[in-house]
Structures are given as structure tokens and as C-alpha cells.
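Everything below belongs to final-v4.cif, which stores mmCIF, C-alpha atoms.
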data_data
#
loop_
_atom_site.label_atom_id
_atom_site.label_comp_id
_atom_site.auth_asym_id
_atom_site.auth_seq_id
_atom_site.Cartn_x
_atom_site.Cartn_y
_atom_site.Cartn_z
CA MET A 875 118.76 91.96 81.28
CA SER A 876 118.71 94.54 84.00
CA ASN A 877 115.70 95.58 86.08
CA ALA A 878 116.87 99.21 86.04
CA GLU A 879 115.05 101.69 83.87
CA LEU A 880 116.70 102.50 80.53
CA PRO A 881 117.62 106.20 80.35
CA LYS A 882 115.17 108.19 78.25
CA THR A 883 117.77 110.40 76.54
CA VAL A 884 121.48 109.84 76.00
CA ASP A 885 124.37 111.17 73.94
CA PRO A 886 124.56 108.31 71.43
CA TYR A 887 127.72 109.56 69.74
CA LYS A 888 129.66 109.58 73.01
CA LEU A 889 128.29 106.11 73.85
CA ALA A 890 129.37 104.82 70.41
CA GLU A 891 132.88 106.22 70.80
CA GLN A 892 133.13 104.49 74.21
CA SER A 893 131.60 101.20 72.92
CA SER A 894 129.01 101.34 75.69
CA VAL A 895 126.31 98.82 76.49
CA LEU A 896 123.03 99.87 78.10
CA GLU A 897 120.48 97.48 79.54
CA GLY A 898 117.21 98.19 81.24
CA GLY A 899 113.48 98.43 81.00
CA VAL A 900 111.13 100.93 79.43
CA PRO A 901 107.66 101.24 81.01
CA LEU A 902 105.13 100.21 78.36
CA LYS A 903 102.49 102.63 79.69
CA ALA A 904 104.87 105.52 78.80
CA LEU A 905 104.79 104.52 75.10
CA ASP A 906 101.50 106.12 73.99
CA ARG A 907 101.58 105.12 70.31
CA PHE A 908 102.37 101.51 71.22
CA SER A 909 99.79 101.39 74.04
CA ASP A 910 97.09 102.38 71.56
CA CYS A 911 97.95 99.34 69.37
CA VAL A 912 97.69 96.59 71.97
CA ALA A 913 94.67 95.12 73.77
CA GLY A 914 96.42 95.18 77.14
CA MET A 915 99.59 94.88 79.16
CA ALA A 916 100.47 93.88 82.68
CA ALA A 917 100.34 96.61 85.31
CA GLY A 918 103.90 97.84 85.53
CA GLY A 919 104.74 96.00 82.29
CA GLN A 920 108.14 96.77 80.83
CA CYS A 921 110.00 96.26 77.61
CA GLN A 922 113.40 94.77 78.44
CA VAL A 923 116.10 96.29 76.24
CA SER A 924 119.80 95.68 75.60
CA LEU A 925 121.69 98.19 73.44
CA ALA A 926 125.32 98.08 72.28
CA PHE A 927 126.74 101.31 70.89
CA ALA A 928 129.84 101.09 68.69
CA MET A 929 131.80 102.42 65.74
CA ASP A 930 131.82 100.17 62.64
CA ASP A 931 134.73 99.61 60.25
CA GLU A 932 133.84 102.75 58.28
CA ARG A 933 133.68 104.89 61.44
CA ARG A 934 129.88 105.04 61.38
CA ARG A 935 128.24 105.17 64.77
CA VAL A 936 125.84 102.25 65.18
CA VAL A 937 123.62 100.74 67.83
CA SER A 938 122.69 97.06 67.88
CA GLY A 939 120.04 95.87 70.20
CA GLN A 940 117.40 93.46 71.22
CA LEU A 941 114.16 93.88 73.07
CA GLU A 942 111.38 91.82 74.56
CA ALA A 943 107.92 92.80 75.80
CA GLU A 944 104.88 90.82 76.90
CA VAL A 945 101.51 92.20 75.82
CA GLU A 946 97.99 91.13 75.01
CA LEU A 947 96.74 91.46 71.44
CA GLU A 948 93.28 90.77 70.06
CA CYS A 949 93.06 87.56 68.04
CA GLN A 950 91.62 88.49 64.65
CA ARG A 951 89.92 85.09 64.37
CA CYS A 952 87.95 85.00 67.64
CA MET A 953 88.33 88.64 68.81
CA THR A 954 89.51 87.61 72.31
CA PRO A 955 92.74 88.69 74.02
CA MET A 956 95.83 86.55 73.54
CA HIS A 957 99.19 86.70 75.30
CA VAL A 958 102.13 87.51 72.99
CA THR A 959 105.83 88.01 73.64
CA LEU A 960 107.22 90.53 71.16
CA THR A 961 110.93 90.26 70.40
CA SER A 962 113.22 92.13 68.06
CA GLN A 963 116.88 92.26 67.13
CA PHE A 964 117.97 95.33 65.23
CA SER A 965 120.96 97.30 63.94
CA LEU A 966 120.65 101.04 63.51
CA GLY A 967 122.96 103.68 62.06
CA LEU A 968 123.02 106.96 63.98
CA VAL A 969 122.31 109.88 61.65
CA THR A 970 121.46 113.55 62.04
CA SER A 971 119.94 114.13 58.57
CA ASP A 972 118.03 112.42 55.79
CA GLU A 973 121.11 112.70 53.56
CA GLN A 974 123.14 110.66 56.05
CA ALA A 975 120.30 108.13 56.29
CA GLN A 976 120.37 107.59 52.53
CA GLN A 977 124.10 106.82 52.66
CA LEU A 978 123.70 103.98 55.17
CA PRO A 979 124.19 100.42 53.90
CA LYS A 980 120.95 98.46 53.54
CA GLU A 981 121.67 96.29 56.62
CA LEU A 982 121.41 99.40 58.85
CA GLU A 983 118.16 101.19 59.50
CA PRO A 984 118.54 104.91 60.24
CA PHE A 985 118.07 106.23 63.77
CA LEU A 986 117.61 109.99 63.46
CA THR A 987 119.15 111.87 66.41
CA ASP A 988 120.15 115.36 67.41
CA GLU A 989 123.84 116.21 67.57
CA PHE A 990 124.17 115.32 71.25
CA SER A 991 120.98 113.54 72.29
CA ALA A 992 118.71 110.72 71.30
CA ASN A 993 115.43 109.58 72.81
CA LEU A 994 115.92 105.87 73.45
CA TRP A 995 112.31 105.36 74.50
CA THR A 996 111.09 106.61 71.11
CA MET A 997 113.52 104.23 69.42
CA VAL A 998 112.22 101.31 71.52
CA GLU A 999 108.62 102.29 70.75
CA ASP A 1000 109.37 102.39 67.00
CA GLU A 1001 110.94 98.93 67.16
CA LEU A 1002 107.96 97.54 69.11
CA LEU A 1003 105.55 98.95 66.53
CA LEU A 1004 107.57 97.31 63.75
CA VAL A 1005 107.34 93.84 65.31
CA LEU A 1006 103.60 93.92 66.02
CA PRO A 1007 101.96 91.20 63.94
CA PRO A 1008 99.54 92.71 61.39
CA PHE A 1009 96.93 89.97 62.04
CA PRO A 1010 97.51 88.37 65.43
CA LEU A 1011 95.97 84.89 65.62
CA HIS A 1012 95.86 82.17 68.27
CA GLU A 1013 97.27 78.85 67.14
CA LEU A 1014 94.30 77.07 65.53
CA GLY A 1015 94.21 74.39 68.23
CA GLU A 1016 94.22 77.04 70.98
CA CYS A 1017 91.70 79.45 69.49
CA PRO A 1018 88.34 79.68 71.30
CA ALA A 1019 86.68 79.89 67.86
CA ARG A 1020 88.16 76.56 66.66
CA GLU A 1021 84.81 74.69 66.91
CA GLN A 1022 83.01 77.29 64.79
CA LEU A 1023 85.87 77.27 62.28
CA GLN A 1024 85.75 73.49 62.00
CA GLU A 1025 81.97 73.65 61.43
CA LEU A 1026 82.45 76.28 58.73
CA GLU A 1027 85.17 74.25 57.03
CA ALA A 1028 82.98 71.13 57.13
CA GLY A 1029 80.05 73.13 55.69
CA ASP A 1030 82.17 74.67 52.90
CA SER A 1031 82.26 71.44 50.86
CA GLU A 1032 78.45 71.06 50.78
CA PRO A 1033 77.60 74.40 49.11
CA GLU A 1034 80.05 73.67 46.30
CA ALA A 1035 78.18 70.48 45.40
CA ALA A 1036 74.85 72.28 45.63
CA ASP A 1037 76.14 75.05 43.34
CA GLN A 1038 77.04 72.49 40.68
CA GLU A 1039 73.56 70.92 40.79
CA ARG A 1040 71.74 74.25 40.74
CA GLU A 1041 69.96 75.13 37.50
CA ASN A 1042 71.40 77.94 35.42
CA PRO A 1043 69.09 80.96 35.96
CA PHE A 1044 69.66 82.08 32.36
CA SER A 1045 68.49 78.78 30.84
CA VAL A 1046 65.00 80.30 30.52
CA LEU A 1047 66.45 83.08 28.37
CA ALA A 1048 68.23 80.53 26.20
CA GLY A 1049 64.87 78.80 25.66
CA LEU A 1050 63.21 82.09 24.67
CA LYS A 1051 65.93 82.81 22.16
CA THR A 1052 65.40 79.49 20.36
CA LYS A 1053 61.60 80.00 20.21
CA LYS A 1054 61.84 83.32 18.30
CA HIS A 1055 63.84 81.82 15.44
#
Show me, as C-alpha cells, the structure contained in the file I just sent.
Amino acid sequence: MSNAELPKTVDPYKLAEQSSVLEGGVPLKALDRFSDCVAGMAAGGQCQVSLAFAMDDERRRVVSGQLEAEVELECQRCMTPMHVTLTSQFSLGLVTSDEQAQQLPKELEPFLTDEFSANLWTMVEDELLLVLPPFPLHELGECPAREQLQELEAGDSEPEAADQERENPFSVLAGLKTKKH
């Protein structure tokens, strides 16, 4: 992919009619919603993007693309930062209204645009948000909390045995019930 910066706004309909391909980077720090969802990113970090605009067999304007970005997320097991490479491949149908979006086939997600302009950076940000893992976790063997987890797992079998041996707290009540009769 190119080291050039991806244009922020374009005329997607013109690009689709010309079967254009755009490649470039989007500065991650410029994507506020995404930046709020990650633990960190490299200074000057970029999302590398490749977009192919085209017309499909039914004359719909579509954009197919792929992206890749390296970020740090917080492991939900040990609460420490972990390096993650986010990737996505997507196919979008260009639409100007909700009615057009509803008419798209299910393999195309709608990309709502104005008549002559589309914000590509917003589209990239939306795609990045969609590929964020809901519960990022280190691989178990790589997690700094693996020793504590192994201790917990080893300790889990002991309480079960103790629970089985424990006396029923209501057995006293059962004894009282038999005495009254």
C-alpha cells in the first residue's frame, strides 16, 4: 500500500464510473471516535487503506476495500496493553438515502454519501470500529496473568469437593419439623 495520505473527501460516484483505485494512509490520531476506544497507538500511526470503486452488474456504485492498523488494546484478562493488528475487508454500496440502503443486497453494507462527496476518513473509522474485538485478550500462554489464572483453575476443583461435604444448613429445620409431630 502507498505511504501517501488517503484523501479525506472524494466524489465516489465519479470514482466508481472511472473504476478508480485509491491507496493511502489515514492518521489514526485524526479519528476521534476510534482513538477513544484504543489504549494507545504509535506516534504518527496510520491505517493503511486500499479502496476500489466500481459499478456492479446492476449498475450500482460500490467500493471494495481492505485496511490494516496497528494499535494497543487493553487485555481484559490482565488489564495490560497488548499489541493488535486490526484488519478488515469490506464491500459497500454507495447510497444517498435510507431507501436506497434498504434496496442493497445483503452482501453490501450501505455507505451513506452526499450526491458528490463522501468522507473516506469517516468510512475508515467506521470500519475500524467494527473490527475492534469486544473483549481483547492475550493468548493464554502470553498473558502476564497466566500464573494467577492457573492458580485459580487449580483451586477451582477443591471448593467443589468441599461444597459436597458441607452439611446442609437446613438440616436443623428438618430435625425440628420431625420433633413437633
Test item: residues at most 8 Å from stretch 931-945 of chain A, all atoms listed in the file, excluding those fewer than 5 positions along its chain, as number ranges by chain = A: 887, 890-891, 912-916, 919-926, 957-968, 998
Restricted to C-alpha atoms, what would the selected residues look like written as a tab-separated table (two decimals), in the coordinates of the input?
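Okay, selection_9.tsv is ready:
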chain	number	residue	atom	x	y	z
A	887	TYR	CA	127.72	109.56	69.74
A	890	ALA	CA	129.37	104.82	70.41
A	891	GLU	CA	132.88	106.22	70.80
A	912	VAL	CA	97.69	96.59	71.97
A	913	ALA	CA	94.67	95.12	73.77
A	914	GLY	CA	96.42	95.18	77.14
A	915	MET	CA	99.59	94.88	79.16
A	916	ALA	CA	100.47	93.88	82.68
A	919	GLY	CA	104.74	96.00	82.29
A	920	GLN	CA	108.14	96.77	80.83
A	921	CYS	CA	110.00	96.26	77.61
A	922	GLN	CA	113.40	94.77	78.44
A	923	VAL	CA	116.10	96.29	76.24
A	924	SER	CA	119.80	95.68	75.60
A	925	LEU	CA	121.69	98.19	73.44
A	926	ALA	CA	125.32	98.08	72.28
A	957	HIS	CA	99.19	86.70	75.30
A	958	VAL	CA	102.13	87.51	72.99
A	959	THR	CA	105.83	88.01	73.64
A	960	LEU	CA	107.22	90.53	71.16
A	961	THR	CA	110.93	90.26	70.40
A	962	SER	CA	113.22	92.13	68.06
A	963	GLN	CA	116.88	92.26	67.13
A	964	PHE	CA	117.97	95.33	65.23
A	965	SER	CA	120.96	97.30	63.94
A	966	LEU	CA	120.65	101.04	63.51
A	967	GLY	CA	122.96	103.68	62.06
A	968	LEU	CA	123.02	106.96	63.98
A	998	VAL	CA	112.22	101.31	71.52
Near A:Ser893, counting only C-alpha atoms, which residues have an atom at most 9 Å away, once you skip same-chain residues fewer than 6 positions from it, shown as a PyMOL selection string?
-> chain A and resi 926-929
Check what the PyMOL selection byres ((chain A and resi 951) around 8) selects in the file above and give those residues as a ChimeraX atom specification.
-> /A:949-950,952-953,1011-1012,1017,1019
Between atom CA of A:Asp906 and atom CA of A:Pro1010 - distance in Å to one decimal =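 About the pair atom CA of A:Pro1010 and atom CA of A:Asp906: they are 20.1 Å apart.
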Between A:Cys911, A:Glu983, A:Phe1009, A:Asn1042, single out the one closest to A:Met997, counting all atoms listed in the file.
-> A:Glu983
The PyMOL selection byres ((chain A and resi 898) around 6) on the file shown: which residues, as a count of residues only?
-> 9
Determine the nearest neighbour of A:Leu982 from the options A:Val969, A:Leu902, A:Leu1050, A:Leu1014, counting all atoms listed in the file.
->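 Comparing A:Val969, A:Leu902, A:Leu1050, A:Leu1014 against A:Leu982, the winner is A:Val969.
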Show me that you can extract stretch 916-931 of chain A, keeping all heavy atoms, and write it as a short mmCIF file (atom, residue, chain, number, x, y, z; two decimals), in the first residue's frame.
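Written output follows (decode.cif):
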data_model
loop_
_atom_site.label_atom_id
_atom_site.label_comp_id
_atom_site.auth_asym_id
_atom_site.auth_seq_id
_atom_site.Cartn_x
_atom_site.Cartn_y
_atom_site.Cartn_z
N ALA A 916 0.92 4.06 17.96
CA ALA A 916 2.24 4.61 17.72
C ALA A 916 2.12 6.08 17.31
O ALA A 916 1.15 6.48 16.66
CB ALA A 916 2.95 3.83 16.62
N ALA A 917 3.10 6.87 17.72
CA ALA A 917 3.12 8.27 17.29
C ALA A 917 3.21 8.27 15.77
O ALA A 917 4.03 7.57 15.18
CB ALA A 917 4.32 8.99 17.90
N GLY A 918 2.33 8.99 15.14
CA GLY A 918 2.30 9.01 13.67
C GLY A 918 1.68 7.75 13.08
O GLY A 918 1.82 7.49 11.89
N GLY A 919 0.99 6.95 13.92
CA GLY A 919 0.36 5.71 13.45
C GLY A 919 -0.67 5.98 12.38
O GLY A 919 -1.40 6.97 12.43
N GLN A 920 -0.72 5.09 11.40
CA GLN A 920 -1.65 5.24 10.29
C GLN A 920 -2.40 3.95 10.04
O GLN A 920 -1.91 2.87 10.35
CB GLN A 920 -0.89 5.61 9.01
CG GLN A 920 -0.22 6.95 9.06
CD GLN A 920 -0.31 7.66 7.73
OE1 GLN A 920 -0.63 7.07 6.71
NE2 GLN A 920 -0.03 8.95 7.74
N CYS A 921 -3.58 4.11 9.50
CA CYS A 921 -4.35 2.98 8.99
C CYS A 921 -4.08 2.94 7.49
O CYS A 921 -4.35 3.92 6.80
CB CYS A 921 -5.84 3.17 9.27
SG CYS A 921 -6.86 1.85 8.59
N GLN A 922 -3.53 1.84 7.01
CA GLN A 922 -3.26 1.69 5.59
C GLN A 922 -4.53 1.18 4.91
O GLN A 922 -5.13 0.20 5.36
CB GLN A 922 -2.10 0.73 5.35
CG GLN A 922 -0.78 1.28 5.84
CD GLN A 922 -0.41 2.59 5.17
OE1 GLN A 922 -0.49 2.73 3.94
NE2 GLN A 922 -0.02 3.57 5.96
N VAL A 923 -4.93 1.84 3.84
CA VAL A 923 -6.21 1.57 3.19
C VAL A 923 -6.03 1.40 1.69
O VAL A 923 -5.26 2.12 1.06
CB VAL A 923 -7.21 2.73 3.45
CG1 VAL A 923 -8.57 2.42 2.86
CG2 VAL A 923 -7.31 3.06 4.92
N SER A 924 -6.78 0.44 1.12
CA SER A 924 -6.86 0.28 -0.32
C SER A 924 -8.34 0.20 -0.68
O SER A 924 -9.07 -0.62 -0.13
CB SER A 924 -6.14 -1.00 -0.76
OG SER A 924 -6.30 -1.19 -2.14
N LEU A 925 -8.78 1.07 -1.59
CA LEU A 925 -10.19 1.14 -1.98
C LEU A 925 -10.32 1.01 -3.49
O LEU A 925 -9.61 1.69 -4.24
CB LEU A 925 -10.81 2.46 -1.54
CG LEU A 925 -10.76 2.80 -0.06
CD1 LEU A 925 -11.25 4.22 0.18
CD2 LEU A 925 -11.60 1.81 0.73
N ALA A 926 -11.24 0.17 -3.94
CA ALA A 926 -11.52 0.02 -5.37
C ALA A 926 -12.97 0.41 -5.61
O ALA A 926 -13.89 -0.23 -5.10
CB ALA A 926 -11.27 -1.42 -5.81
N PHE A 927 -13.17 1.46 -6.37
CA PHE A 927 -14.50 1.94 -6.71
C PHE A 927 -14.91 1.33 -8.05
O PHE A 927 -14.09 1.22 -8.96
CB PHE A 927 -14.51 3.47 -6.83
CG PHE A 927 -14.27 4.17 -5.52
CD1 PHE A 927 -12.98 4.35 -5.03
CD2 PHE A 927 -15.33 4.63 -4.76
CE1 PHE A 927 -12.74 4.99 -3.83
CE2 PHE A 927 -15.11 5.27 -3.55
CZ PHE A 927 -13.82 5.45 -3.08
N ALA A 928 -16.17 0.92 -8.17
CA ALA A 928 -16.61 0.28 -9.42
C ALA A 928 -18.13 0.35 -9.55
O ALA A 928 -18.84 0.76 -8.62
CB ALA A 928 -16.16 -1.18 -9.44
N MET A 929 -18.60 -0.10 -10.71
CA MET A 929 -20.03 -0.27 -10.96
C MET A 929 -20.26 -1.79 -11.02
O MET A 929 -19.52 -2.50 -11.71
CB MET A 929 -20.43 0.35 -12.30
CG MET A 929 -20.11 1.82 -12.43
SD MET A 929 -21.27 2.90 -11.62
CE MET A 929 -22.61 2.83 -12.76
N ASP A 930 -21.28 -2.29 -10.32
CA ASP A 930 -21.54 -3.74 -10.37
C ASP A 930 -22.44 -4.05 -11.57
O ASP A 930 -22.77 -3.18 -12.37
CB ASP A 930 -22.10 -4.26 -9.05
CG ASP A 930 -23.51 -3.80 -8.74
OD1 ASP A 930 -24.15 -3.12 -9.59
OD2 ASP A 930 -24.00 -4.11 -7.65
N ASP A 931 -22.83 -5.32 -11.69
CA ASP A 931 -23.63 -5.76 -12.83
C ASP A 931 -24.98 -5.07 -12.93
O ASP A 931 -25.55 -4.98 -14.02
CB ASP A 931 -23.84 -7.29 -12.77
CG ASP A 931 -22.54 -8.04 -12.92
OD1 ASP A 931 -21.59 -7.47 -13.48
OD2 ASP A 931 -22.48 -9.20 -12.46
#
